[in-house]
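Dumped run-v9.csv below, it's CSV, C-alpha atoms and all ligand atoms:
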```
chain,number,residue,atom,x,y,z
U,1,MET,CA,34.9,11.7,-98.1
U,2,ALA,CA,35.4,11.6,-94.3
U,3,SER,CA,32.2,11.0,-92.3
U,4,LEU,CA,31.3,10.9,-88.7
U,5,ARG,CA,31.6,7.1,-89.0
U,6,ASP,CA,35.4,7.5,-89.3
U,7,ASN,CA,35.6,8.8,-85.8
U,8,PHE,CA,34.6,5.3,-84.5
U,9,LYS,CA,37.3,2.6,-84.5
U,10,THR,CA,37.7,-0.7,-82.8
U,11,LYS,CA,40.0,-0.4,-79.7
U,12,ALA,CA,42.8,-1.7,-82.0
U,13,GLY,CA,42.2,1.3,-84.2
U,14,GLU,CA,40.5,-0.5,-87.1
U,15,ARG,CA,37.8,1.0,-89.2
U,16,LEU,CA,34.3,-0.2,-88.2
U,17,THR,CA,32.4,-2.2,-90.7
U,18,ILE,CA,28.6,-2.0,-90.9
U,19,GLY,CA,27.1,-3.9,-88.0
U,20,VAL,CA,25.6,-7.4,-87.8
U,21,GLY,CA,22.6,-7.6,-85.6
U,22,SER,CA,21.4,-10.3,-83.2
U,23,GLY,CA,17.8,-8.9,-82.7
U,24,THR,CA,14.7,-8.8,-84.8
U,25,LYS,CA,14.5,-12.2,-86.5
U,26,TRP,CA,16.8,-13.7,-83.9
U,27,HIS,CA,15.3,-12.9,-80.5
U,28,ILE,CA,12.0,-14.5,-81.4
U,29,LEU,CA,13.8,-17.8,-81.8
U,30,LYS,CA,15.1,-17.4,-78.3
U,31,ARG,CA,14.1,-18.9,-75.0
U,32,SER,CA,11.7,-16.8,-72.9
U,33,ARG,CA,12.8,-13.2,-72.4
U,34,GLY,CA,14.6,-12.7,-69.1
U,35,GLU,CA,15.4,-16.4,-68.7
U,36,LYS,CA,19.1,-16.6,-68.2
U,37,THR,CA,19.7,-20.2,-68.8
U,38,GLY,CA,19.0,-22.6,-71.6
U,39,ASP,CA,20.7,-24.1,-74.6
U,40,LEU,CA,22.4,-21.8,-77.1
U,41,VAL,CA,20.4,-21.0,-80.2
U,42,GLU,CA,23.0,-22.6,-82.5
U,43,PRO,CA,21.7,-21.0,-85.8
U,44,LEU,CA,22.4,-17.6,-84.3
U,45,VAL,CA,25.8,-18.5,-83.1
U,46,THR,CA,26.9,-20.0,-86.5
U,47,THR,CA,25.3,-17.1,-88.4
U,48,LEU,CA,27.3,-14.6,-86.4
U,49,VAL,CA,30.5,-16.6,-86.8
U,50,SER,CA,29.9,-16.5,-90.6
U,51,ALA,CA,29.4,-12.7,-90.4
U,52,PHE,CA,32.7,-12.4,-88.6
U,53,GLU,CA,34.4,-14.8,-91.1
U,54,ALA,CA,33.0,-12.7,-93.9
U,55,GLY,CA,34.8,-9.6,-92.4
U,56,PHE,CA,32.3,-8.0,-90.0
U,57,ASN,CA,34.1,-6.5,-87.0
U,58,HIS,CA,30.9,-4.9,-85.5
U,59,VAL,CA,28.1,-6.8,-83.7
U,60,ASP,CA,24.9,-5.4,-82.2
U,61,THR,CA,23.1,-6.9,-79.3
U,62,ALA,CA,20.7,-5.8,-76.6
U,63,GLU,CA,19.5,-6.9,-73.1
U,64,ILE,CA,16.0,-7.4,-74.4
U,65,TYR,CA,17.1,-9.7,-77.2
U,66,ASN,CA,18.4,-12.1,-74.7
U,67,THR,CA,21.1,-13.1,-77.2
U,68,HIS,CA,24.2,-12.2,-75.1
U,69,ALA,CA,25.1,-15.9,-74.6
U,70,GLU,CA,25.0,-16.5,-78.4
U,71,VAL,CA,26.9,-13.3,-79.2
U,72,GLY,CA,29.6,-14.2,-76.6
U,73,GLU,CA,29.9,-17.8,-78.0
U,74,ALA,CA,30.2,-16.4,-81.5
U,75,LEU,CA,32.9,-14.0,-80.4
U,76,ARG,CA,34.7,-16.8,-78.7
U,77,ARG,CA,34.5,-19.2,-81.7
U,78,ALA,CA,35.7,-16.4,-84.0
U,79,GLY,CA,38.8,-16.0,-81.8
U,80,TYR,CA,37.9,-12.5,-80.6
U,81,LEU,CA,38.0,-13.5,-76.9
U,82,ALA,CA,41.3,-15.3,-77.1
U,83,ASP,CA,43.1,-12.4,-75.3
U,84,GLU,CA,42.9,-8.7,-74.9
U,85,LYS,CA,44.5,-7.9,-78.3
U,86,ALA,CA,42.0,-10.1,-80.1
U,87,ARG,CA,39.1,-8.5,-78.2
U,88,GLU,CA,40.3,-5.1,-79.4
U,89,LYS,CA,39.7,-6.0,-83.0
U,90,VAL,CA,35.9,-6.2,-82.7
U,91,TRP,CA,33.3,-3.7,-81.7
U,92,VAL,CA,30.4,-4.8,-79.5
U,93,THR,CA,27.3,-2.7,-79.0
U,94,ASP,CA,24.8,-3.5,-76.3
U,95,LYS,CA,21.6,-1.7,-75.2
U,96,TYR,CA,20.0,-1.1,-71.8
U,97,TYR,CA,16.3,-2.0,-71.7
U,98,PRO,CA,14.5,0.6,-69.4
U,99,GLY,CA,11.0,-0.9,-69.6
U,100,GLY,CA,8.0,1.2,-70.4
U,101,PHE,CA,6.1,-1.5,-72.4
U,102,PRO,CA,3.6,-3.9,-70.8
U,103,GLY,CA,5.2,-7.3,-70.6
U,104,HIS,CA,8.7,-5.9,-71.3
U,105,GLU,CA,9.8,-4.9,-67.8
U,106,PRO,CA,13.3,-3.8,-66.9
U,107,LEU,CA,15.5,-6.8,-66.2
U,108,THR,CA,17.7,-5.3,-63.6
U,109,THR,CA,17.8,-2.4,-61.2
U,110,GLY,CA,19.5,-0.1,-63.7
U,111,PRO,CA,22.2,0.2,-66.4
U,112,ILE,CA,25.3,-0.6,-64.3
U,113,ALA,CA,23.7,-3.8,-63.1
U,114,SER,CA,22.7,-4.6,-66.7
U,115,ILE,CA,26.2,-4.0,-67.9
U,116,ASP,CA,27.7,-6.3,-65.3
U,117,VAL,CA,25.3,-9.1,-66.3
U,118,ALA,CA,26.0,-8.5,-70.0
U,119,LEU,CA,29.8,-8.5,-69.6
U,120,LYS,CA,29.6,-11.8,-67.8
U,121,ALA,CA,27.4,-13.4,-70.5
U,122,LEU,CA,29.4,-12.0,-73.3
U,123,GLY,CA,32.7,-13.0,-71.8
U,124,THR,CA,34.3,-9.6,-72.1
U,125,THR,CA,35.5,-6.9,-69.7
U,126,TYR,CA,34.1,-3.9,-71.6
U,127,LEU,CA,31.5,-2.9,-74.2
U,128,ASP,CA,32.5,-0.6,-77.1
U,129,LEU,CA,29.1,1.1,-77.2
U,130,TYR,CA,26.2,1.1,-74.8
U,131,LEU,CA,22.8,2.5,-75.8
U,132,VAL,CA,19.6,3.3,-74.0
U,133,HIS,CA,17.3,1.1,-76.1
U,134,GLN,CA,14.4,3.5,-76.1
U,135,PRO,CA,13.4,6.6,-74.1
U,136,PHE,CA,9.7,5.7,-73.7
U,137,PHE,CA,9.8,4.8,-70.0
U,138,ASP,CA,8.2,6.3,-67.0
U,139,PRO,CA,10.1,6.6,-63.7
U,140,LYS,CA,6.8,5.9,-61.9
U,141,THR,CA,7.0,2.4,-63.1
U,142,GLY,CA,9.8,-0.1,-63.7
U,143,THR,CA,13.1,0.8,-61.9
U,144,GLY,CA,12.0,4.3,-60.9
U,145,LEU,CA,14.9,5.8,-62.8
U,146,THR,CA,14.5,8.9,-64.9
U,147,LEU,CA,16.2,9.4,-68.2
U,148,LYS,CA,18.7,11.6,-66.4
U,149,ASP,CA,19.4,8.8,-63.8
U,150,VAL,CA,19.9,6.3,-66.6
U,151,TRP,CA,22.3,8.7,-68.4
U,152,ARG,CA,24.3,9.3,-65.2
U,153,GLU,CA,24.8,5.5,-64.8
U,154,LEU,CA,26.0,5.3,-68.4
U,155,GLU,CA,28.4,8.1,-67.7
U,156,GLN,CA,29.6,6.2,-64.6
U,157,ALA,CA,30.1,3.1,-66.7
U,158,VAL,CA,32.4,5.1,-69.0
U,159,ALA,CA,34.3,6.4,-66.0
U,160,GLU,CA,34.7,2.9,-64.7
U,161,GLY,CA,36.0,1.7,-68.0
U,162,LYS,CA,33.2,-0.7,-68.6
U,163,VAL,CA,32.0,1.1,-71.7
U,164,ARG,CA,33.9,3.1,-74.3
U,165,TYR,CA,31.1,5.1,-75.9
U,166,ILE,CA,27.5,5.8,-74.8
U,167,GLY,CA,24.5,6.7,-76.9
U,168,LEU,CA,20.8,6.4,-77.6
U,169,SER,CA,18.3,4.5,-79.7
U,170,ASN,CA,14.9,5.5,-81.0
U,171,SER,CA,15.4,8.9,-79.5
U,172,ALA,CA,13.7,12.0,-80.9
U,173,VAL,CA,15.0,15.6,-80.8
U,174,PRO,CA,13.4,16.5,-77.4
U,175,HIS,CA,15.0,13.4,-75.7
U,176,ILE,CA,18.4,14.3,-77.0
U,177,GLU,CA,18.0,18.0,-76.2
U,178,GLU,CA,17.2,16.9,-72.6
U,179,ILE,CA,20.3,14.7,-72.4
U,180,LEU,CA,22.6,17.4,-73.9
U,181,SER,CA,21.3,19.8,-71.2
U,182,TYR,CA,23.0,17.7,-68.4
U,183,ALA,CA,25.4,15.3,-70.1
U,184,THR,CA,29.1,15.4,-69.1
U,185,VAL,CA,29.6,12.6,-71.7
U,186,LYS,CA,27.6,13.4,-74.9
U,187,PRO,CA,25.7,10.7,-76.8
U,188,ALA,CA,27.9,9.4,-79.6
U,189,VAL,CA,25.2,7.5,-81.5
U,190,ASN,CA,21.4,7.4,-82.1
U,191,GLN,CA,20.3,4.0,-83.5
U,192,ILE,CA,17.0,4.5,-85.3
U,193,GLU,CA,14.8,2.9,-87.9
U,194,PHE,CA,15.9,4.3,-91.3
U,195,HIS,CA,15.2,3.3,-94.9
U,196,PRO,CA,13.8,5.1,-97.9
U,197,PHE,CA,10.2,4.6,-96.7
U,198,LEU,CA,11.1,6.2,-93.3
U,199,GLN,CA,13.8,8.8,-93.8
U,200,GLU,CA,13.0,10.6,-90.5
U,201,GLN,CA,12.0,8.3,-87.6
U,202,SER,CA,10.9,11.5,-85.8
U,203,PRO,CA,10.8,15.1,-87.0
U,204,GLY,CA,14.1,16.7,-87.8
U,205,ILE,CA,16.1,13.8,-86.3
U,206,VAL,CA,18.6,13.4,-89.1
U,207,SER,CA,19.8,17.0,-89.3
U,208,PHE,CA,19.7,17.4,-85.5
U,209,CYS,CA,22.1,14.4,-85.1
U,210,ALA,CA,24.3,15.7,-87.8
U,211,LYS,CA,24.5,19.1,-86.1
U,212,HIS,CA,25.5,17.5,-82.8
U,213,ASP,CA,28.0,15.0,-84.3
U,214,ILE,CA,25.8,12.1,-83.3
U,215,LEU,CA,26.3,9.1,-85.6
U,216,ILE,CA,23.1,7.6,-87.0
U,217,GLU,CA,23.0,3.8,-87.0
U,218,PRO,CA,20.1,2.8,-89.2
U,219,TYR,CA,18.3,-0.4,-88.2
U,220,GLY,CA,15.8,-2.0,-90.6
U,221,PRO,CA,17.7,-0.7,-93.6
U,222,LEU,CA,16.4,-3.5,-95.8
U,223,SER,CA,12.7,-3.1,-94.8
U,224,PRO,CA,11.6,-2.0,-98.3
U,225,LEU,CA,12.5,-5.5,-99.5
U,226,PHE,CA,10.5,-7.6,-97.0
U,227,ARG,CA,8.8,-5.8,-94.1
U,228,ASP,CA,6.9,-3.6,-96.5
U,229,ASP,CA,6.0,-5.9,-99.4
U,230,SER,CA,4.6,-3.2,-101.7
U,231,GLY,CA,7.7,-3.5,-104.0
U,232,LYS,CA,7.4,0.2,-104.6
U,233,LEU,CA,11.1,0.8,-104.7
U,234,ASN,CA,12.2,-2.2,-106.7
U,235,ASP,CA,12.4,-0.6,-110.1
U,236,THR,CA,14.5,2.2,-108.8
U,237,LEU,CA,16.8,-0.1,-106.8
U,238,ASP,CA,17.2,-2.4,-109.9
U,239,LYS,CA,17.9,0.5,-112.2
U,240,ILE,CA,20.6,1.9,-109.8
U,241,GLY,CA,21.9,-1.6,-108.9
U,242,ALA,CA,22.4,-2.4,-112.6
U,243,LYS,CA,24.8,0.5,-113.0
U,244,HIS,CA,27.0,-1.0,-110.3
U,245,GLY,CA,26.4,-4.7,-110.7
U,246,LYS,CA,24.8,-4.8,-107.2
U,247,ASN,CA,21.5,-6.2,-105.9
U,248,ARG,CA,18.7,-4.3,-104.1
U,249,ALA,CA,20.0,-5.0,-100.6
U,250,GLN,CA,23.4,-3.7,-101.5
U,251,VAL,CA,21.9,-0.5,-102.9
U,252,LEU,CA,19.8,0.0,-99.8
U,253,LEU,CA,22.8,-0.5,-97.5
U,254,ARG,CA,24.9,1.8,-99.6
U,255,TYR,CA,22.0,4.4,-99.6
U,256,ALA,CA,22.5,4.6,-95.8
U,257,VAL,CA,26.3,4.6,-96.0
U,258,ASP,CA,26.4,7.4,-98.5
U,259,GLN,CA,24.5,9.6,-96.1
U,260,GLY,CA,27.3,9.1,-93.5
U,261,PHE,CA,25.3,6.6,-91.5
U,262,LEU,CA,26.4,3.2,-90.2
U,263,PRO,CA,23.7,0.6,-90.8
U,264,ILE,CA,23.0,-2.6,-88.9
U,265,THR,CA,21.8,-5.6,-90.9
U,266,THR,CA,21.4,-9.3,-90.4
U,267,SER,CA,20.7,-12.5,-92.4
U,268,SER,CA,20.4,-16.2,-91.8
U,269,LYS,CA,22.4,-16.8,-95.0
U,270,ALA,CA,26.2,-16.7,-94.9
U,271,GLU,CA,26.6,-15.5,-98.5
U,272,ARG,CA,24.5,-12.4,-97.8
U,273,PHE,CA,27.2,-11.3,-95.3
U,274,HIS,CA,29.8,-11.2,-98.1
U,275,GLU,CA,27.3,-9.3,-100.3
U,276,ALA,CA,26.5,-6.8,-97.5
U,277,LEU,CA,30.2,-6.0,-97.0
U,278,GLU,CA,30.6,-5.3,-100.7
U,279,VAL,CA,28.9,-1.9,-99.8
U,280,GLU,CA,32.4,-0.8,-99.1
U,281,THR,CA,33.4,-1.3,-102.7
U,282,PHE,CA,31.1,1.0,-104.6
U,283,GLN,CA,29.4,4.4,-104.1
U,284,LEU,CA,26.1,5.8,-105.2
U,285,SER,CA,26.2,9.2,-106.9
U,286,PRO,CA,24.4,12.1,-105.2
U,287,GLU,CA,21.8,11.8,-107.9
U,288,ASP,CA,21.2,8.1,-107.2
U,289,VAL,CA,20.8,8.9,-103.4
U,290,ALA,CA,18.4,11.8,-104.3
U,291,LEU,CA,16.4,9.5,-106.6
U,292,ILE,CA,16.0,6.8,-103.9
U,293,SER,CA,15.0,9.5,-101.4
U,294,LYS,CA,12.4,11.0,-103.8
U,295,GLU,CA,10.9,7.6,-104.8
U,296,GLY,CA,11.0,6.3,-101.2
U,297,ALA,CA,9.3,9.4,-99.9
U,298,LYS,CA,6.2,8.6,-102.0
U,299,HIS,CA,5.4,5.7,-99.7
U,300,HIS,CA,5.4,5.5,-95.9
U,301,PHE,CA,6.3,2.5,-93.8
U,302,ARG,CA,7.3,2.2,-90.2
U,303,GLY,CA,8.0,-1.2,-88.7
U,304,PHE,CA,9.0,-0.4,-85.1
U,305,PHE,CA,7.6,1.7,-82.2
U,306,ILE,CA,4.6,2.6,-84.3
U,307,GLU,CA,2.4,3.8,-81.4
U,308,LYS,CA,5.2,5.8,-79.8
U,309,PHE,CA,5.8,7.9,-82.9
U,310,ALA,CA,2.1,8.2,-83.9
U,311,PRO,CA,0.8,10.1,-85.8
U,312,TYR,CA,4.1,11.1,-87.4
E,401,LIG,P1,17.5,-5.5,-92.0
E,401,LIG,O1,16.5,-4.4,-92.4
E,401,LIG,O2,18.9,-5.4,-92.7
E,401,LIG,O3,16.8,-6.8,-92.3
E,401,LIG,C1,17.4,-8.1,-92.2
E,401,LIG,C2,16.6,-9.0,-93.0
E,401,LIG,O4,16.8,-8.8,-94.3
E,401,LIG,C3,17.0,-10.5,-92.7
E,401,LIG,O5,15.9,-11.1,-92.1
E,401,LIG,C4,17.3,-11.0,-94.1
E,401,LIG,O6,16.6,-12.2,-94.3
E,401,LIG,C5,16.9,-10.0,-95.0
E,401,LIG,N1,17.9,-9.8,-96.1
E,401,LIG,C6,19.2,-9.8,-96.0
E,401,LIG,N2,19.8,-9.7,-97.2
E,401,LIG,C7,18.7,-9.7,-98.1
E,401,LIG,C8,18.7,-9.6,-99.5
E,401,LIG,N3,19.8,-9.5,-100.2
E,401,LIG,N4,17.5,-9.6,-100.1
E,401,LIG,C9,16.3,-9.7,-99.3
E,401,LIG,N5,16.3,-9.8,-98.0
E,401,LIG,C10,17.5,-9.8,-97.4
E,401,LIG,O7,17.9,-5.5,-90.5
E,401,LIG,P2,16.9,-5.7,-89.2
E,401,LIG,O8,15.8,-4.7,-89.2
E,401,LIG,O9,16.5,-7.1,-89.1
E,401,LIG,O10,17.8,-5.3,-88.0
E,401,LIG,C11,19.2,-5.5,-88.0
E,401,LIG,C12,19.6,-5.4,-86.5
E,401,LIG,O11,19.3,-4.0,-86.0
E,401,LIG,C13,18.9,-6.3,-85.5
E,401,LIG,O12,19.4,-7.6,-85.6
E,401,LIG,C14,19.2,-5.6,-84.2
E,401,LIG,O13,20.5,-5.9,-83.8
E,401,LIG,C15,19.1,-4.1,-84.7
E,401,LIG,N6,17.7,-3.5,-84.4
E,401,LIG,C16,17.6,-2.5,-83.4
E,401,LIG,C17,16.4,-2.0,-83.0
E,401,LIG,C18,16.4,-0.9,-82.0
E,401,LIG,O14,15.3,-0.7,-81.5
E,401,LIG,N7,17.5,-0.3,-81.6
E,401,LIG,C19,15.2,-2.5,-83.7
E,401,LIG,C20,15.4,-3.4,-84.7
E,401,LIG,C21,16.6,-3.9,-85.0
E,401,LIG,P3,17.4,-13.6,-94.6
E,401,LIG,O15,17.7,-14.2,-93.2
E,401,LIG,O16,16.4,-14.4,-95.4
E,401,LIG,O17,18.7,-13.3,-95.3
```
Would you write the structure of this file as structure tokens?
Ligand code: NDP
Amino acid sequence: MASLRDNFKTKAGERLTIGVGSGTKWHILKRSRGEKTGDLVEPLVTTLVSAFEAGFNHVDTAEIYNTHAEVGEALRRAGYLADEKAREKVWVTDKYYPGGFPGHEPLTTGPIASIDVALKALGTTYLDLYLVHQPFFDPKTGTGLTLKDVWRELEQAVAEGKVRYIGLSNSAVPHIEEILSYATVKPAVNQIEFHPFLQEQSPGIVSFCAKHDILIEPYGPLSPLFRDDSGKLNDTLDKIGAKHGKNRAQVLLRYAVDQGFLPITTSSKAERFHEALEVETFQLSPEDVALISKEGAKHHFRGFFIEKFAPY
């Protein structure tokens, strides 16, 4: 069945795999945020290279992770930066950090400046997707830019050929409605926390994105396995996994894929990248998806931006 995901291809025209991330467990290993020099975090580079070798053609980074150098080095070692044709075979997502959290100030004067820094560190001339990492910033602090100013700069980056697609992350319906009211380039993606214990990061977000052809990229898809340690979904995942000969993580990733979403995952273990890509080789029945949703909805867990979405 065709899904919104199929509209997104590498520049060479290849179907996008699920994404490999360079945030969460990785950026905490990293040198101080904002510091632009320092040795590469080799475990991250080698892990990303193993993800590419396993078959991932889609990598996710962000300004605030401070992992551009490692992502760039991994792209280079995997051969993706050898020439223009090679670069066109991989999809690189990056995110602008607009500030809004104490201790996490914007790192540049705005998105265009951030993109220029990122392109240099990554060793590429364009990004496939550029997201506003979160909309919880106040123009009275930080760069002074409003969400509209930020979006205009993203649109400018598209016009200048620095970015192919633009989108959002952690955005709720009112944020997207605002952007749609003035956008000349619509948001293509909303990257949000999504798993059976959090099926709506904010009220009505899934159906709203579907209605506006905005692809949902779930992050934290494996949270029920380790961020929440209640184990409340394990029996259901095992029962469904046994039918397909797949493990809990594979079922959780497929749960996202079968709803038309494009999840981002990560691991420190090379073999798990092979397992993760096996999500393309099986499908859950609508009944399986419904059962995971039903059992997942009995328990609530949110791992990110907890205060911003409270009390929802
Ligand atoms: P996941 O929910 O997929 O969790 C990844 C973790 O799951 C890894 O630490 C890994 O541990 C563990 N794991 C992998 N396979 C298995 C398995 N078979 N069984 C048990 N555990 C397993 O993804 P993340 O939430 O970490 O995020 C992925 C990416 O999403 C980030 O790197 C980042 O790029 C992006 N992200 C974006 C955010 C945003 O605000 N836009 C916020 C958070 C993340 P191990 O190393 O032991 O395999």
For a quick check of understanding, using only C-alpha atoms and all ligand atoms, which of U:Leu284, U:Val59, U:Leu215, U:Ile166 has the smallest distance to ligand LIG 401 (chain E)?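 Closest candidate: U:Val59.
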For U:Thr184, find every residue with an atom within 10 Å (counting only C-alpha atoms), except residues of its own chain fewer than 3 positions away, and show them as a ChimeraX atom specification. /U:151-152,155,179-181,187
Residues within 6 Å of ligand LIG 401 (chain E), counting only C-alpha atoms and all ligand atoms, as a list in words: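 Result of the 6 Å neighbour search around ligand LIG 401 (chain E): Gly21, Ser22, Gly23, Thr24, Lys25, Asp60, Thr61, His133, Ser169, Gln191, Tyr219, Gly220, Pro221, Leu222, Ser223, Leu225, Ala249, Ile264, Thr265, Thr266, Ser267, Ser268, Lys269 and Arg272 of chain U.
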Hey, can you spit out that residue selection with C-alpha atoms as a compact mmCIF listing (two decimals), keeping the file's coordinate frame?
```txt
# COMPACT_ATOMS: atom_id res chain seq x y z
CA GLY U 21 22.60 -7.60 -85.60
CA SER U 22 21.40 -10.30 -83.20
CA GLY U 23 17.80 -8.90 -82.70
CA THR U 24 14.70 -8.80 -84.80
CA LYS U 25 14.50 -12.20 -86.50
CA ASP U 60 24.90 -5.40 -82.20
CA THR U 61 23.10 -6.90 -79.30
CA HIS U 133 17.30 1.10 -76.10
CA SER U 169 18.30 4.50 -79.70
CA GLN U 191 20.30 4.00 -83.50
CA TYR U 219 18.30 -0.40 -88.20
CA GLY U 220 15.80 -2.00 -90.60
CA PRO U 221 17.70 -0.70 -93.60
CA LEU U 222 16.40 -3.50 -95.80
CA SER U 223 12.70 -3.10 -94.80
CA LEU U 225 12.50 -5.50 -99.50
CA ALA U 249 20.00 -5.00 -100.60
CA ILE U 264 23.00 -2.60 -88.90
CA THR U 265 21.80 -5.60 -90.90
CA THR U 266 21.40 -9.30 -90.40
CA SER U 267 20.70 -12.50 -92.40
CA SER U 268 20.40 -16.20 -91.80
CA LYS U 269 22.40 -16.80 -95.00
CA ARG U 272 24.50 -12.40 -97.80
```
So that I can check the surroundings of U:Asp258, please list as a VMD selection string every protein, DNA and RNA residue that reaches within 12 Å of it, counting only C-alpha atoms and ignoring chain neighbours fewer than 5 positions away. chain U and resid 1 to 5 216 250 to 253 263 279 to 290 292 to 293
May I ask which of the residues U:Phe305, U:Glu275, U:Asn247, U:Thr93 is the closest one to U:Ser171, counting only C-alpha atoms?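 Closest to U:Ser171 of all the choices is U:Phe305.
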Could you tell me which of U:Gly100, U:Gly167, U:Leu145, U:Tyr182 comes closest to U:Tyr130 if we count all atoms listed in the file?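 When distances to U:Tyr130 are compared using all atoms listed in the file, the smallest one comes from U:Gly167.
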In Å, how far is it from atom CA of U:Thr67 to atom CA of U:Ala159? 26.1 Å
List every protein, DNA or RNA residue that has at least one atom no more than 10 Å from (4.2, 6.0, -99.6) in the file's coordinates, counting only C-alpha atoms, and write the result as a PyMOL selection string. chain U and resi 196-198+230+232+295-301
Please check which residues have atoms at most 8 Å from (35.2, -4.4, -83.1) in the file's coordinates, counting all atoms listed in the file, and write them as a ChimeraX atom specification. /U:9-11,14,16,57-59,87-92,128
Interatomic distance between atom CA of U:Phe136 and atom CA of U:Phe309? 10.2 Å
Let me make sure I understand: among U:Ala12, U:Leu154, U:Ala69, U:Val20, which one has the smallest atom-to-atom distance to U:Leu277 if we use all atoms listed in the file?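 The closest residue to U:Leu277 is U:Val20.
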Save C-alpha atoms of stretch 196-244 of chain U from the block above as a PDB file, in the first residue's frame.
```pdb
ATOM      1  CA  PRO U 196       2.410   2.652  21.869  1.00  0.00           C
ATOM      2  CA  PHE U 197       2.612   4.409  25.244  1.00  0.00           C
ATOM      3  CA  LEU U 198       2.428   7.835  23.544  1.00  0.00           C
ATOM      4  CA  GLN U 199       0.314   7.603  20.420  1.00  0.00           C
ATOM      5  CA  GLU U 200      -0.381  11.364  20.266  1.00  0.00           C
ATOM      6  CA  GLN U 201       2.479  13.631  21.332  1.00  0.00           C
ATOM      7  CA  SER U 202      -0.082  16.441  21.401  1.00  0.00           C
ATOM      8  CA  PRO U 203      -3.859  16.412  20.878  1.00  0.00           C
ATOM      9  CA  GLY U 204      -4.982  15.368  17.405  1.00  0.00           C
ATOM     10  CA  ILE U 205      -1.489  15.595  15.913  1.00  0.00           C
ATOM     11  CA  VAL U 206      -1.564  12.312  13.988  1.00  0.00           C
ATOM     12  CA  SER U 207      -4.792  12.955  12.078  1.00  0.00           C
ATOM     13  CA  PHE U 208      -3.887  16.623  11.518  1.00  0.00           C
ATOM     14  CA  CYS U 209      -0.562  15.665   9.918  1.00  0.00           C
ATOM     15  CA  ALA U 210      -2.277  13.027   7.779  1.00  0.00           C
ATOM     16  CA  LYS U 211      -4.843  15.575   6.595  1.00  0.00           C
ATOM     17  CA  HIS U 212      -2.095  17.985   5.553  1.00  0.00           C
ATOM     18  CA  ASP U 213       0.203  15.364   3.980  1.00  0.00           C
ATOM     19  CA  ILE U 214       2.840  15.904   6.637  1.00  0.00           C
ATOM     20  CA  LEU U 215       4.896  12.758   7.176  1.00  0.00           C
ATOM     21  CA  ILE U 216       5.277  11.707  10.803  1.00  0.00           C
ATOM     22  CA  GLU U 217       8.774  10.626  11.770  1.00  0.00           C
ATOM     23  CA  PRO U 218       8.535   8.870  15.135  1.00  0.00           C
ATOM     24  CA  TYR U 219      11.493   9.193  17.476  1.00  0.00           C
ATOM     25  CA  GLY U 220      11.752   7.064  20.591  1.00  0.00           C
ATOM     26  CA  PRO U 221       9.900   4.194  18.848  1.00  0.00           C
ATOM     27  CA  LEU U 222      11.572   1.624  21.111  1.00  0.00           C
ATOM     28  CA  SER U 223      10.854   3.477  24.367  1.00  0.00           C
ATOM     29  CA  PRO U 224       8.513   0.718  25.677  1.00  0.00           C
ATOM     30  CA  LEU U 225      11.560  -1.575  25.764  1.00  0.00           C
ATOM     31  CA  PHE U 226      13.863   0.546  27.885  1.00  0.00           C
ATOM     32  CA  ARG U 227      12.851   4.147  28.631  1.00  0.00           C
ATOM     33  CA  ASP U 228       9.728   2.859  30.301  1.00  0.00           C
ATOM     34  CA  ASP U 229      10.703  -0.275  32.161  1.00  0.00           C
ATOM     35  CA  SER U 230       7.192  -1.381  33.122  1.00  0.00           C
ATOM     36  CA  GLY U 231       7.327  -4.204  30.584  1.00  0.00           C
ATOM     37  CA  LYS U 232       3.599  -3.701  30.114  1.00  0.00           C
ATOM     38  CA  LEU U 233       3.651  -4.353  26.400  1.00  0.00           C
ATOM     39  CA  ASN U 234       6.068  -7.271  26.356  1.00  0.00           C
ATOM     40  CA  ASP U 235       3.485 -10.062  26.264  1.00  0.00           C
ATOM     41  CA  THR U 236       1.631  -8.439  23.387  1.00  0.00           C
ATOM     42  CA  LEU U 237       4.855  -7.790  21.459  1.00  0.00           C
ATOM     43  CA  ASP U 238       6.037 -11.361  22.047  1.00  0.00           C
ATOM     44  CA  LYS U 239       2.735 -12.839  20.924  1.00  0.00           C
ATOM     45  CA  ILE U 240       2.702 -10.808  17.719  1.00  0.00           C
ATOM     46  CA  GLY U 241       6.451 -11.217  17.168  1.00  0.00           C
ATOM     47  CA  ALA U 242       6.151 -15.005  17.412  1.00  0.00           C
ATOM     48  CA  LYS U 243       3.749 -15.055  14.452  1.00  0.00           C
ATOM     49  CA  HIS U 244       6.383 -13.372  12.276  1.00  0.00           C
TER      50      HIS U 244
END
```
